[in-house]
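Visitor: Below you'll find run.cif; it's mmCIF, C-alpha atoms.
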data_query
loop_
_atom_site.label_atom_id
_atom_site.label_comp_id
_atom_site.auth_asym_id
_atom_site.auth_seq_id
_atom_site.Cartn_x
_atom_site.Cartn_y
_atom_site.Cartn_z
CA MET A 246 3.50 87.73 18.06
CA ARG A 247 6.70 89.56 18.85
CA PRO A 248 7.95 92.00 16.20
CA TYR A 249 11.00 91.13 14.16
CA TYR A 250 13.72 93.35 12.81
CA ASP A 251 14.08 93.43 9.03
CA GLY A 252 17.35 95.33 8.98
CA SER A 253 15.86 98.80 8.65
CA ASP A 254 15.16 101.39 11.35
CA ARG A 255 11.58 100.23 11.64
CA ARG A 256 10.20 97.23 13.46
CA ARG A 257 7.50 95.37 11.60
CA ARG A 258 5.21 92.50 12.37
CA LEU A 259 5.38 89.41 10.21
CA PRO A 260 2.71 89.48 7.49
CA ALA A 261 -0.23 87.20 8.20
CA ARG A 262 0.57 84.85 5.31
CA VAL A 263 4.07 84.34 6.70
CA ARG A 264 2.82 83.76 10.24
CA TRP A 265 0.26 81.24 9.00
CA GLY A 266 2.80 79.42 6.82
CA LEU A 267 5.34 79.11 9.61
CA GLY A 268 2.57 78.12 12.01
CA ALA A 269 1.33 75.41 9.64
CA ALA A 270 4.85 74.00 9.40
CA ALA A 271 5.25 74.02 13.18
CA VAL A 272 1.91 72.32 13.80
CA THR A 273 2.61 69.73 11.11
CA LEU A 274 6.05 69.01 12.53
CA VAL A 275 4.70 68.49 16.05
CA ALA A 276 1.87 66.29 14.75
CA PHE A 277 4.31 64.29 12.61
CA MET A 278 6.59 63.67 15.58
CA LEU A 279 3.74 62.67 17.88
CA LEU A 280 2.05 60.40 15.34
CA GLY A 281 5.40 58.75 14.71
CA ARG A 282 4.97 57.27 18.18
CA ALA A 283 1.55 55.83 17.32
CA PRO A 284 1.88 53.77 14.12
CA GLY A 285 -1.21 51.75 15.00
CA LEU A 286 -3.31 54.90 15.08
CA VAL A 287 -1.87 56.09 11.76
CA GLU A 288 -2.54 52.68 10.23
CA ALA A 289 -6.15 52.51 11.40
CA ALA A 290 -7.27 56.12 11.05
CA TYR A 291 -5.19 57.47 8.19
CA ALA A 292 -3.76 54.68 6.01
CA ARG A 293 -6.94 52.59 5.97
CA ARG A 294 -9.61 55.29 6.21
CA LEU A 295 -8.69 58.87 5.31
CA TYR A 296 -5.90 58.28 2.81
CA PRO A 297 -7.90 55.94 0.51
CA LEU A 298 -10.51 58.71 0.14
CA LEU A 299 -7.88 61.35 -0.59
CA SER A 300 -6.04 59.17 -3.10
CA ARG A 301 -9.21 58.29 -4.97
CA LEU A 302 -10.13 61.95 -5.25
CA LEU A 303 -6.68 63.00 -6.49
CA ALA A 304 -6.39 60.07 -8.89
CA ALA A 305 -9.84 60.74 -10.31
CA LEU A 306 -9.07 64.41 -10.92
CA SER A 307 -5.62 63.89 -12.47
CA GLY A 308 -6.70 60.78 -14.39
CA TRP A 309 -8.71 62.86 -16.84
CA LEU A 310 -5.51 64.20 -18.38
CA PRO A 311 -3.24 62.09 -20.59
CA PHE A 312 -0.08 63.88 -19.42
CA SER A 313 1.52 64.02 -16.00
CA LEU A 314 0.81 66.88 -13.61
CA THR A 315 3.46 65.70 -11.17
CA GLU A 316 6.29 67.62 -12.80
CA MET A 317 4.16 70.77 -12.84
CA SER A 318 3.30 70.34 -9.15
CA PHE A 319 6.99 69.96 -8.23
CA LEU A 320 7.89 72.96 -10.38
CA LEU A 321 5.12 75.06 -8.83
CA ALA A 322 6.28 74.14 -5.34
CA GLY A 323 9.81 75.19 -6.18
CA LEU A 324 8.64 78.46 -7.73
CA LEU A 325 6.55 79.31 -4.66
CA VAL A 326 9.54 78.87 -2.38
CA LEU A 327 11.87 80.74 -4.72
CA GLY A 328 9.30 83.48 -5.22
CA GLY A 329 8.97 83.93 -1.47
CA LEU A 330 12.73 84.32 -1.19
CA ILE A 331 13.03 86.80 -4.05
CA PHE A 332 10.03 88.97 -3.28
CA GLY A 333 10.78 88.97 0.42
CA PHE A 334 14.34 90.09 -0.28
CA ARG A 335 13.30 92.80 -2.74
CA GLY A 336 10.51 94.05 -0.48
CA ALA A 337 12.85 94.39 2.47
CA ARG A 338 15.45 96.18 0.35
CA SER A 339 12.83 98.61 -0.91
CA ARG A 340 12.05 99.46 2.72
CA GLY A 341 15.68 100.29 3.35
CA ALA A 342 16.83 97.02 4.90
CA GLY A 343 20.44 95.94 4.66
CA ILE A 344 21.59 92.81 2.86
CA ILE A 345 21.48 90.60 5.95
CA GLY A 346 18.04 91.84 6.96
CA ALA A 347 16.72 91.42 3.43
CA VAL A 348 18.06 87.86 3.19
CA PHE A 349 16.45 87.08 6.56
CA SER A 350 13.13 88.54 5.39
CA GLY A 351 13.25 86.56 2.14
CA GLY A 352 14.19 83.41 4.03
CA LEU A 353 11.18 83.77 6.30
CA ARG A 354 8.83 84.09 3.36
CA ALA A 355 10.44 81.13 1.59
CA ALA A 356 10.12 79.07 4.77
CA ALA A 357 6.46 80.05 5.06
CA ALA A 358 5.76 78.92 1.50
CA GLY A 359 7.64 75.70 2.16
CA GLY A 360 5.62 75.22 5.34
CA TRP A 361 2.35 75.24 3.44
CA ILE A 362 3.73 72.87 0.80
CA TRP A 363 5.13 70.38 3.31
CA SER A 364 1.91 70.48 5.36
CA ALA A 365 -0.10 69.64 2.24
CA PHE A 366 2.34 66.83 1.41
CA VAL A 367 2.02 65.29 4.87
CA VAL A 368 -1.78 65.39 4.83
CA LEU A 369 -2.16 64.12 1.26
CA TRP A 370 0.39 61.30 1.48
CA GLY A 371 3.34 61.78 3.83
CA LEU A 372 1.66 60.32 6.92
CA ASN A 373 1.97 56.93 5.24
CA TYR A 374 5.62 57.00 6.30
CA LEU A 375 4.41 56.68 9.89
CA ARG A 376 2.19 53.65 9.43
CA GLN A 377 3.12 50.21 10.75
CA ARG A 378 6.29 48.57 9.46
CA PRO A 379 5.97 46.41 6.33
CA VAL A 380 6.43 43.20 8.31
CA GLU A 381 3.35 44.12 10.35
CA ILE A 382 1.29 45.43 7.43
CA PHE A 383 1.75 42.18 5.51
CA GLN A 384 1.69 40.02 8.68
CA LEU A 385 4.95 38.26 7.86
CA GLY A 386 6.65 35.77 10.13
CA PRO A 387 10.28 35.65 11.26
CA ARG A 388 13.08 35.57 8.71
CA PRO A 389 14.35 32.11 7.80
CA ALA A 390 17.64 30.78 9.10
CA ALA A 391 20.71 31.34 6.96
CA GLU A 392 20.65 27.83 5.46
CA ALA A 393 16.95 28.07 4.57
CA ALA A 394 17.47 31.55 3.11
CA GLY A 395 20.22 30.16 0.90
CA GLN A 396 17.91 27.43 -0.36
CA TRP A 397 15.22 29.97 -1.16
CA ARG A 398 17.73 32.01 -3.16
CA LEU A 399 18.53 28.92 -5.22
CA ARG A 400 14.84 28.29 -5.88
CA ILE A 401 14.29 31.94 -6.84
CA GLY A 402 17.10 31.68 -9.39
CA GLU A 403 15.62 28.47 -10.77
CA ARG A 404 12.19 30.09 -11.10
CA LEU A 405 13.80 33.03 -12.91
CA ASP A 406 15.54 30.74 -15.40
CA LEU A 407 12.40 28.67 -15.97
CA LEU A 408 10.19 31.68 -16.72
CA ARG A 409 12.73 33.24 -19.04
CA ALA A 410 13.07 30.16 -21.21
CA ASP A 411 9.88 30.73 -23.23
CA LEU A 412 9.79 34.54 -23.44
CA GLU A 413 10.06 36.44 -26.69
CA GLU A 414 13.37 38.21 -27.38
CA ASP A 415 14.50 41.15 -29.42
CA SER A 416 17.23 41.06 -32.07
CA LEU A 417 19.93 41.21 -29.38
CA GLY A 418 18.58 38.22 -27.48
CA VAL A 419 17.19 40.37 -24.66
CA VAL A 420 13.66 39.88 -23.33
CA ARG A 421 11.21 41.96 -25.33
CA GLY A 422 9.58 44.89 -23.57
CA PHE A 423 6.04 46.29 -23.54
CA ASP A 424 4.90 48.75 -26.20
CA ASP A 425 1.52 49.68 -24.69
CA LEU A 426 1.97 51.29 -21.27
CA ALA A 427 -1.76 51.99 -20.87
CA ALA A 428 -2.70 48.34 -21.37
CA LEU A 429 0.06 47.17 -19.02
CA ASP A 430 -1.06 49.72 -16.41
CA ARG A 431 -4.67 48.50 -16.53
CA ARG A 432 -3.58 44.91 -15.98
CA ILE A 433 -1.35 45.78 -13.04
CA ARG A 434 -4.05 48.01 -11.53
CA ALA A 435 -6.44 45.04 -11.50
CA LEU A 436 -3.77 42.73 -10.08
CA GLU A 437 -2.90 45.11 -7.23
CA GLY A 438 -6.55 45.65 -6.46
CA ALA A 439 -7.13 41.92 -6.11
CA THR A 440 -3.94 41.50 -4.06
CA ALA A 441 -4.88 44.29 -1.65
CA THR A 442 -8.33 42.79 -1.18
CA ASP A 443 -6.87 39.38 -0.37
CA LEU A 444 -4.53 40.98 2.18
CA GLY A 445 -7.35 42.88 3.86
CA LEU A 446 -5.95 46.23 2.72
CA PRO A 447 -7.97 49.08 1.17
CA ARG A 448 -8.37 48.65 -2.58
CA PRO A 449 -5.99 51.12 -4.26
CA ALA A 450 -7.28 54.10 -6.19
CA GLY A 451 -7.65 53.79 -9.95
CA GLY A 452 -5.80 56.61 -11.64
CA ARG A 453 -3.35 55.97 -14.42
CA THR A 454 0.39 55.59 -14.66
CA LYS A 455 1.94 58.32 -16.78
CA VAL A 456 5.27 59.05 -18.41
CA PHE A 457 7.51 61.79 -17.14
CA LEU A 458 8.11 64.46 -19.76
CA LEU A 459 11.59 64.97 -18.32
CA SER A 460 12.48 61.28 -18.70
CA PRO A 461 15.92 61.99 -20.26
CA LEU A 462 16.90 64.04 -17.21
CA LEU A 463 15.61 61.46 -14.72
CA LEU A 464 17.44 58.71 -16.59
CA ARG A 465 20.65 60.65 -15.94
CA TRP A 466 19.75 60.70 -12.26
CA GLY A 467 19.18 56.95 -12.13
CA VAL A 468 15.45 57.36 -11.47
CA SER A 469 13.05 54.84 -13.01
CA GLY A 470 9.79 56.20 -11.62
CA THR A 471 8.22 58.41 -9.00
CA TYR A 472 4.89 59.05 -7.33
CA GLY A 473 3.19 62.46 -7.35
CA PRO A 474 1.82 63.01 -3.82
CA PHE A 475 0.00 66.21 -4.80
CA THR A 476 -1.67 64.73 -7.87
CA GLY A 477 -2.18 61.01 -7.11
CA GLU A 478 -0.16 59.98 -10.18
CA PRO A 479 2.24 57.06 -10.50
CA ASN A 480 4.90 58.03 -13.05
CA VAL A 481 7.49 56.01 -14.94
CA VAL A 482 10.55 57.04 -16.86
CA LEU A 483 10.88 55.77 -20.43
CA PRO A 484 12.72 53.97 -21.81
CA ALA A 485 12.79 51.54 -18.90
CA PRO A 486 15.59 49.06 -18.18
CA PRO A 487 15.13 45.82 -20.16
CA GLY A 488 12.48 43.52 -18.69
CA LEU A 489 11.70 45.70 -15.67
CA LEU A 490 8.85 47.99 -16.77
CA PRO A 491 6.08 45.86 -15.14
CA ALA A 492 7.95 45.87 -11.82
CA ILE A 493 8.46 49.64 -12.01
CA VAL A 494 4.78 50.29 -12.75
CA ALA A 495 3.72 47.95 -9.93
CA HIS A 496 6.08 49.68 -7.50
CA GLU A 497 4.80 53.19 -8.31
CA ARG A 498 1.18 52.04 -8.19
CA ALA A 499 1.89 50.57 -4.75
CA HIS A 500 2.92 54.06 -3.63
CA LEU A 501 -0.52 55.21 -4.78
CA ALA A 502 -1.90 52.44 -2.54
CA GLY A 503 -0.22 54.14 0.43
CA MET A 504 2.94 52.04 0.65
CA ALA A 505 5.43 54.79 1.42
CA TRP A 506 8.37 52.64 2.50
CA GLU A 507 10.22 51.50 -0.61
CA GLU A 508 10.44 47.83 0.38
CA ALA A 509 6.70 47.77 1.08
CA ALA A 510 5.91 49.20 -2.35
CA SER A 511 8.19 46.68 -4.04
CA PHE A 512 6.73 43.78 -2.05
CA LEU A 513 3.12 44.64 -2.87
CA GLY A 514 4.18 44.97 -6.50
CA LEU A 515 5.81 41.52 -6.46
CA LEU A 516 2.80 39.86 -4.87
CA SER A 517 0.61 41.43 -7.55
CA LEU A 518 2.78 40.45 -10.52
CA TRP A 519 3.17 36.87 -9.28
CA ARG A 520 -0.56 36.30 -9.67
CA SER A 521 -0.59 37.36 -13.32
CA GLU A 522 -1.30 34.84 -16.06
CA ASP A 523 1.27 36.60 -18.24
CA PRO A 524 4.73 35.03 -17.72
CA ARG A 525 6.35 38.32 -18.78
CA LEU A 526 4.89 40.04 -15.72
CA ARG A 527 5.94 37.22 -13.39
CA TYR A 528 9.42 37.24 -14.93
CA ALA A 529 9.73 40.99 -14.35
CA ALA A 530 8.90 40.42 -10.67
CA TRP A 531 11.50 37.70 -10.18
CA LEU A 532 14.07 39.64 -12.21
CA SER A 533 13.66 42.77 -10.08
CA LEU A 534 13.93 40.62 -6.94
CA TRP A 535 17.09 38.93 -8.22
CA LEU A 536 18.72 42.33 -8.66
CA GLU A 537 18.23 42.93 -4.92
CA LEU A 538 19.28 39.42 -3.89
CA SER A 539 22.31 38.88 -6.09
CA PRO A 540 22.78 41.25 -9.02
CA THR A 541 25.25 38.93 -10.77
CA THR A 542 24.98 36.63 -13.76
CA LYS A 543 26.69 33.74 -12.00
CA GLY A 544 24.71 30.52 -12.18
CA ARG A 545 21.90 31.90 -14.31
CA SER A 546 20.76 30.69 -17.71
CA PRO A 547 22.35 32.33 -20.77
CA ALA A 548 19.09 34.16 -21.50
CA VAL A 549 18.88 35.63 -17.98
CA GLN A 550 22.56 36.52 -18.19
CA ARG A 551 21.89 38.50 -21.34
CA ASP A 552 19.07 40.38 -19.62
CA LEU A 553 21.20 41.18 -16.57
CA ARG A 554 24.06 42.41 -18.72
CA ALA A 555 21.62 44.52 -20.75
CA ILE A 556 20.29 46.12 -17.55
CA SER A 557 23.83 46.98 -16.45
CA ALA A 558 24.65 48.41 -19.87
CA PHE A 559 21.44 50.45 -19.81
CA ALA A 560 22.39 52.02 -16.48
CA ARG A 561 25.93 52.84 -17.66
CA ALA A 562 24.65 54.37 -20.88
CA HIS A 563 22.12 56.70 -19.28
CA ARG A 564 23.37 57.55 -15.81
CA GLY A 565 25.02 60.94 -15.39
CA TRP A 566 27.73 62.10 -13.02
CA GLU A 567 25.15 63.77 -10.77
CA ALA A 568 23.22 60.53 -10.09
CA PRO A 569 25.01 59.76 -6.77
CA VAL A 570 24.21 63.26 -5.50
CA VAL A 571 20.53 62.84 -6.37
CA ARG A 572 20.44 59.44 -4.66
CA ARG A 573 22.07 60.81 -1.49
CA THR A 574 19.59 63.69 -1.47
CA TYR A 575 16.65 61.32 -1.81
CA SER A 576 18.12 59.08 0.88
CA THR A 577 18.27 62.06 3.23
CA TYR A 578 14.65 62.89 2.44
CA LEU A 579 13.57 59.32 3.27
CA GLU A 580 15.48 59.28 6.53
CA ALA A 581 13.99 62.66 7.51
CA HIS A 582 10.54 61.08 7.16
CA GLY A 583 11.40 58.07 9.30
CA VAL A 584 12.58 55.53 6.70
CA THR A 585 15.50 53.76 8.34
CA GLY A 586 18.50 53.56 6.04
CA GLY A 587 17.07 55.85 3.37
CA THR A 588 17.52 54.38 -0.10
CA ALA A 589 18.93 51.19 1.45
CA SER A 590 15.26 50.36 2.12
CA TYR A 591 14.87 49.28 -1.52
CA SER A 592 17.00 46.20 -0.92
CA ARG A 593 15.02 45.19 2.18
CA VAL A 594 12.31 43.79 -0.08
CA ALA A 595 14.49 40.67 -0.27
CA ASP A 596 14.03 40.13 3.47
CA LEU A 597 10.25 40.52 3.13
CA VAL A 598 10.16 38.00 0.30
CA LEU A 599 12.22 35.43 2.20
CA ARG A 600 9.90 35.77 5.20
CA TYR A 601 6.90 35.33 2.90
CA LEU A 602 8.34 32.29 1.12
CA GLU A 603 9.30 30.62 4.40
CA HIS A 604 5.69 30.85 5.56
CA SER A 605 3.73 30.49 2.30
CA GLY A 606 6.10 28.67 -0.06
CA MET A 607 6.80 29.49 -3.70
CA PRO A 608 3.78 31.06 -5.41
CA ALA A 609 2.25 28.63 -7.85
CA PRO A 610 1.73 29.78 -11.46
CA PRO A 611 -1.88 31.00 -11.78
CA GLU A 612 -4.33 28.87 -13.67
CA ARG A 613 -5.55 30.27 -16.95
#
For this file, produce the structure as C-alpha cells.
Guide:
Amino acid sequence: MRPYYDGSDRRRRLPARVRWGLGAAAVTLVAFMLLGRAPGLVEAAYARRLYPLLSRLLAALSGWLPFSLTEMSFLLAGLLVLGGLIFGFRGARSRGAGIIGAVFSGGLRAAAAGGWIWSAFVVLWGLNYLRQRPVEIFQLGPRPAAEAAGQWRLRIGERLDLLRADLEEDSLGVVRGFDDLAALDRRIRALEGATATDLGLPRPAGGRTKVFLLSPLLLRWGVSGTYGPFTGEPNVVLPAPPGLLPAIVAHERAHLAGMAWEEAASFLGLLSLWRSEDPRLRYAAWLSLWLELSPTTKGRSPAVQRDLRAISAFARAHRGWEAPVVRRTYSTYLEAHGVTGGTASYSRVADLVLRYLEHSGMPAPPER
C-alpha cells in the first residue's frame, strides 16, 4: 500500500488495523452493491438460510439477560469511532503533525473503526435490506382499483369500530393497555411463528422483547421501538401510545424475523395479530393500520375517536423539538440501504394490506 502523509516530515504506512478496517468497509460496500442486483440470491441464500441461524444465535445469547444490550452495543460502536478519531489525532500530534494532518489521521482511524462496525452490521442483519420486495416475499397480487380500495377502507373502519365496542377502558374512556410485557411478548412470538410457517418463511428466532432504558429520550425523538442488529433484541419504548403496544412489539419482532423494510415488518405483524384470539391484539392491529390509512377521527365510533385523540395527545406531550431531525436522519439511513422513500415506507403497509384483502378477503375472527 502506498504511504500516506500525516502532516509531519516523515512518511508512514497506515497501521495494519486501519488498513484492515478500511479494506473491510470497501469489500462490504462492493458486496452490498453487487448483491443489491440479485435480490433472489439474497432471499434464498441469506434471508432464508444464513440469517435465521445468526438471529437464533444472537437471540439465544442476549435472551439470558433481562435488560437490553442494544443501547450498550450502539454506545460501544459510537465510542469505538470516537476513540479512533481522538487517539488518531493525538498520536499524529505527538509525532509532530500539524492540525490538518492530525485530523486526517484521526479521521482515517475513525473510518476504519466504522468500517468494521458497518461490516458486522451488514453480515448480521443489514443484507435483509437487499432481499426481495415485500410484495414478492408475501406473494401479493396487484393493488385493487380505486373504488375497491375505498370500499376496503370502509370495511376496515367498520372492523375497527366493532372490535373496540367490547374492550375494557381506563378512567378516561381510552382502551386499557397491557401491564405484562413479557406475557404479551410470548403470545406475539407464538403468533408470528405460526404466521411465518403458514407463509413458508423461516420460523423467527425466539429471543425476548425488552424495554429501552433510555425510553424518555426516545419518546422525545418520536421513536416507539427499535431492533438491535448486533444483539438480536427487539426493543420497545415505554410508555407506549394508547392501544398500540401489541402492534409495536409485533413490528419489532418482525425485524428479528428478517423483515428489514418497515412496511414488511408492519405487515407481518398485522397478519400475526389478526390470528389472535384476544380482541385487544386484533384491535391494536387494525388501529395501527387505520393510522396509516386515515389518521382522523371522522366517521369512527366515539370509543375509537377517544383512542385516536389520546394517541395524538400522547405524541404532542412527549415529542421534543429534535424529533424531526432524528426522523430525517433515520430516513437517510434507510435510503442509503436501499429502502425507497426512507421513513415513508412505514405508510406503504396500507398498500400491502389492500392487496392482501383484495385477494384473501377480510380475515375472519379466529375460533376459540
Visitor: Tell me which residues the PyMOL selection byres ((chain A and resi 512) around 10) grabs here, as a list in words.
Guide: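 With the PyMOL selection byres ((chain A and resi 512) around 10) on this model, the match is Pro379, Phe383, Ala495, His496, Ala499, Met504, Glu507, Glu508, Ala509, Ala510, Ser511, Leu513, Gly514, Leu515, Leu516, Ser517, Leu518, Ala530, Leu534, Tyr591, Arg593, Val594, Ala595, Asp596, Leu597, Val598 and Tyr601 of chain A.
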Visitor: For C-alpha atoms, I'd like the residues from the last selection saved as a PDB file, in the coordinates of the input.
Guide:
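As a result, selection.pdb now contains:
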ATOM      1  CA  PRO A 379       5.970  46.410   6.330  1.00  0.00           C
ATOM      2  CA  PHE A 383       1.750  42.180   5.510  1.00  0.00           C
ATOM      3  CA  ALA A 495       3.720  47.950  -9.930  1.00  0.00           C
ATOM      4  CA  HIS A 496       6.080  49.680  -7.500  1.00  0.00           C
ATOM      5  CA  ALA A 499       1.890  50.570  -4.750  1.00  0.00           C
ATOM      6  CA  MET A 504       2.940  52.040   0.650  1.00  0.00           C
ATOM      7  CA  GLU A 507      10.220  51.500  -0.610  1.00  0.00           C
ATOM      8  CA  GLU A 508      10.440  47.830   0.380  1.00  0.00           C
ATOM      9  CA  ALA A 509       6.700  47.770   1.080  1.00  0.00           C
ATOM     10  CA  ALA A 510       5.910  49.200  -2.350  1.00  0.00           C
ATOM     11  CA  SER A 511       8.190  46.680  -4.040  1.00  0.00           C
ATOM     12  CA  LEU A 513       3.120  44.640  -2.870  1.00  0.00           C
ATOM     13  CA  GLY A 514       4.180  44.970  -6.500  1.00  0.00           C
ATOM     14  CA  LEU A 515       5.810  41.520  -6.460  1.00  0.00           C
ATOM     15  CA  LEU A 516       2.800  39.860  -4.870  1.00  0.00           C
ATOM     16  CA  SER A 517       0.610  41.430  -7.550  1.00  0.00           C
ATOM     17  CA  LEU A 518       2.780  40.450 -10.520  1.00  0.00           C
ATOM     18  CA  ALA A 530       8.900  40.420 -10.670  1.00  0.00           C
ATOM     19  CA  LEU A 534      13.930  40.620  -6.940  1.00  0.00           C
ATOM     20  CA  TYR A 591      14.870  49.280  -1.520  1.00  0.00           C
ATOM     21  CA  ARG A 593      15.020  45.190   2.180  1.00  0.00           C
ATOM     22  CA  VAL A 594      12.310  43.790  -0.080  1.00  0.00           C
ATOM     23  CA  ALA A 595      14.490  40.670  -0.270  1.00  0.00           C
ATOM     24  CA  ASP A 596      14.030  40.130   3.470  1.00  0.00           C
ATOM     25  CA  LEU A 597      10.250  40.520   3.130  1.00  0.00           C
ATOM     26  CA  VAL A 598      10.160  38.000   0.300  1.00  0.00           C
ATOM     27  CA  TYR A 601       6.900  35.330   2.900  1.00  0.00           C
TER      28      TYR A 601
END
Visitor: What does the structure give for the distance between atom CA of A:Val287 and atom CA of A:Gln377, in Å to one decimal?
Guide: 7.8 Å
Visitor: Need to verify the contact set: stretch 570-572 of chain A, 10 Å, only C-alpha atoms, exclusion of same-chain residues closer than 2 positions in sequence. Can you return it as a count of residues only?
Guide: 15
Visitor: What is the distance between atom CA of A:Arg388 and atom CA of A:Ala441, in Å to one decimal?
Guide: 22.5 Å
Visitor: Excluding A:Val420 and residues on its chain fewer than 4 positions from it, collect all residues at most 12 Å away from it, counting only C-alpha atoms, and give them as a PyMOL selection string.
Guide: chain A and resi 408-416+486-490+524-526+528-529+532+547-556
